[in-house]
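Visitor: The following block contains the structure, expressed as C-alpha cells.
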Amino acid sequence: MALVTRLQESRTQEKTNDITRNLLSLQFESALTEEEEKLLVLRARNHALSVSQCALATVIVDILKKTKEMLLNLKNPDIKRTAKILHGEAGMESLNVGIIGCGRVGSQIAHCLLTYGQLHPSKLHISTRRPETLEYLQHKGVECYFNNERLISSVHVAIFCVLPAQMNSIAEEIKDYISSSLVMLCPLSSLPLRRLRQMLGSSNVIRPVLCWPEEYEKNNYNYSVNVNTALENNETVQGTCPVGIDKTDLVVSTDERLFETIILTVANMCTDAGLTQPQTLTVIHHAVLGETHKKPITCDRFSFKHFDESRKKKEDPGKSFQFFDLVDAHEKGSPVRKRIQSSQSIRMTFVSRYCHLFEDYVHKKAYGQLS
C-alpha cells in the first residue's frame with residue numbers, strides 16, 4: 001500500500017510541474033459551446049465504464065482460473081499434490097479464456113488479462129474479423145483467428161465484446177457449440193439477461209450491470225490517464241468493486257448482485273466437476289475470498305444453509321450442490337445474497353481479494369519481479 005501511495009504522489013508532483021495546467025485558453029473545453037460543454041460528462045463516464053469493464057473481467061477470470069486449478073487437483077488422487085494446491089504453492093494454469101470481438105474494449109480486456117491477471121498467453125483465444133491487426137498479441141503467443149465456433153469449442157470462459165446488435169447473429173452461429181459448463185461473460189451487452197439466456201440457450205451468463213445515476217455527474221473523475229494507469233491506482237480499482245465501498249463519489253458503479261453471481265458461478269463449476277458440498281465451500285473460500293493454508297480468512301464463512309434454505313433438504317457431505325440458474329438468481333435473489341448482505345466481513349474480505357490482484361502487479365512491477 002505504501003508503494004502505491006508513493007507512485008500516486010509521484011504522478012501528482014508531475015502534474016504540479018506542468019506550467020500550462022491552469023491556462024484555460026489552452027484547454028480543450030475552451031473551444032466548446034455551452035451546449036457542447038454539457039456533454040463533457042460523457043468523457044468521464046465512458047472512461048469509467050472502460051476501466052470498470054476491464055477490472056471486473058480481469059477479477060472474474062482470475063477467480064475462475066483459481067477455481068479450475070483447484071477442481072483439477074482436488075480430484076487428483078495424489079494427496080501431496082492436492083495439499084500443495086490447498087496451500088497455495090502450485091500454479092498450474094488450466095482455464096482457457098476466449099474473447100469474441102477485439103475492438104477497443106476487447107483489446108483492453110485482453111491486455112488486462114495478460115498483465116494484471118497474469119493469464120498465460122497460450123490460454124487466451126481471440127476471434128475477430130480482422131485477426132491480422134492483433135499481431136502484437138499473436139507475437140506474445142495469443143491464439144488469434146476468425147472462427148467463433150472454434151473459439152467456443154476451445155474455451156471454458158467466453159467474453160463477448162461485441163455490439164448488442166451483433167449478439168443475435170453470433171448466438172445463432174455458436175449456440176450448438178455451447179456446453180452446459182461454459183461460462184459466458186457479456187460486459188458490453190445492454191440486452192436483458194433473460195434475452196441473453198434465450199439467445200445462447202444457457203443460464204450460465206454473467207452480465208455486469210453498471211449504473212450512472214444523474215447525481216454521479218457532479219463527481220470529479222480523472223479521465224486523462226489510460227486504462228492501464230487507472231488500474232494501478234488502488235482507489236480507482238476499489239471503485240469498480242461491486243460491494244463493500246461507498247459509491248457516492250463514483251462516476252460509474254457496479255451492481256452489488258454481481259458478487260452473488262460470481263459465487264454461484266464457482267459453485268456451478270464445482271457441481272459440474274462432481275465436488276461435494278464441503279469441497280465446494282473450500283473452493284469458494286479459496287478462489288473468491290482468497291483463503292490459503294498460510295492465510296486463513298478471518299471473515300464469516302459460508303455454509304450449506306447459505307446455499308439452500310429448503311427445510312426438506314438436509315446437508316449431505318457426500319452430495320454436490322444443485323446447479324444454480326444465474327439469470328434467475330440475479331433477478332430473484334438466492335440465499336447467498338442474504339448471507340452477503342448480512343455479513344460486512346465477507347464483503348470487505350472480497351474487496352481485499354479484489355484489489356490484491358492489481359496491487360500484486362504494481363508491487364512486482366516496482367521491484368522487477370514480473371516474468
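Residues in the C-alpha cells are numbered from 1 in each chain, the chains being A, B, ... in the order shown, and ligands are numbered from 1 in the order shown.
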With only C-alpha atoms as the counted atoms, please give the residues lying no more than 9 Å from Ser180 of chain A, apart from itself and same-chain residues fewer than 3 positions off, as a PDB file with N, CA, C and O atoms, in the first residue's frame.

Guide:
```
ATOM      1  N   VAL A 183     -18.916 -20.782 -19.199  1.00  0.00           N
ATOM      2  CA  VAL A 183     -19.295 -19.527 -18.543  1.00  0.00           C
ATOM      3  C   VAL A 183     -19.183 -18.413 -19.577  1.00  0.00           C
ATOM      4  O   VAL A 183     -18.141 -18.260 -20.223  1.00  0.00           O
ATOM      5  N   SER A 202     -28.449 -20.967 -22.585  1.00  0.00           N
ATOM      6  CA  SER A 202     -27.759 -21.314 -21.344  1.00  0.00           C
ATOM      7  C   SER A 202     -28.037 -20.248 -20.289  1.00  0.00           C
ATOM      8  O   SER A 202     -28.165 -19.064 -20.616  1.00  0.00           O
ATOM      9  N   SER A 203     -28.095 -20.676 -19.041  1.00  0.00           N
ATOM     10  CA  SER A 203     -28.286 -19.731 -17.938  1.00  0.00           C
ATOM     11  C   SER A 203     -26.955 -19.356 -17.294  1.00  0.00           C
ATOM     12  O   SER A 203     -26.913 -18.592 -16.341  1.00  0.00           O
ATOM     13  N   ASN A 204     -25.866 -19.903 -17.822  1.00  0.00           N
ATOM     14  CA  ASN A 204     -24.545 -19.636 -17.258  1.00  0.00           C
ATOM     15  C   ASN A 204     -23.973 -18.340 -17.837  1.00  0.00           C
ATOM     16  O   ASN A 204     -22.870 -18.327 -18.393  1.00  0.00           O
ATOM     17  N   ASP A 272     -20.526 -29.153 -11.485  1.00  0.00           N
ATOM     18  CA  ASP A 272     -20.277 -29.784 -12.784  1.00  0.00           C
ATOM     19  C   ASP A 272     -19.114 -30.763 -12.703  1.00  0.00           C
ATOM     20  O   ASP A 272     -19.093 -31.773 -13.402  1.00  0.00           O
TER      21      ASP A 272
END
```

Visitor: With a distance cut-off of 9 Å and only C-alpha atoms, select the neighbouring residues of Phe350 of chain A, excluding the residue or stretch itself and same-chain residues fewer than 3 positions from it, and output the selection as a ChimeraX atom specification.

Guide: /A:241,243-244,259,288-290,345-347,353-355

Visitor: Find the residues near Ser107 of chain A: any atom within 12 Å, counting only C-alpha atoms, skip ones fewer than 2 places away on the same chain, and give them as number ranges by chain.

Guide: A: 50, 53-54, 98-105, 109-114, 124-128, 131, 133-137, 142, 144, 159-162, 227-228

Visitor: Just how far from atom CA of Ile178 of chain A is atom CA of Val205 of chain A, in Å to one decimal?

Guide: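 Atom-to-atom, atom CA of Val205 of chain A to atom CA of Ile178 of chain A, that is 11.5 Å.
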
Visitor: As an MDAnalysis selection string, which residues of segment 198-371 of chain A does DSSP assign to helix (DSSP H, G or I)?

Guide: chainID A and resid 198:200 214:218 227:230 234:240 257:272 277:287 304:306 326:332 335:342 344:366

Visitor: Excluding same-chain residues fewer than 5 positions from Leu275 of chain A, what lies within 10 Å of it counting only C-alpha atoms, as a list in words?

Guide: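 Here the answer would be Leu71, Leu74, Lys75, Ala267, Asn268, Met269, Cys270, Thr280, Leu281, Val283, Pro317, Gly318, Lys319, Ser320 and Phe321 of chain A.
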
Visitor: In terms of the shortest atom-to-atom distance over only C-alpha atoms, which of A:Met199, A:Asn147, A:Arg301, A:Leu95 is closest to Glu172 of chain A?

Guide: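 So, comparing all the options, the nearest one is A:Met199.
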
Visitor: Env of Ala44 of chain A: 8 Å cut, atoms = only C-alpha atoms, seq-sep filter 5 positions within chain, self excluded. Answer as a list in words.

Guide: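 With the cut-off at 8 Å, the set is Tyr221, Asn222, Tyr223 and Val251 of chain A.
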
Visitor: Which is closest to Leu200 of chain A among A:Leu40, A:Ala48, A:Val97, A:Met184, if we use only C-alpha atoms?

Guide: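 Using only C-alpha atoms, Leu200 of chain A sits closest to A:Met184.
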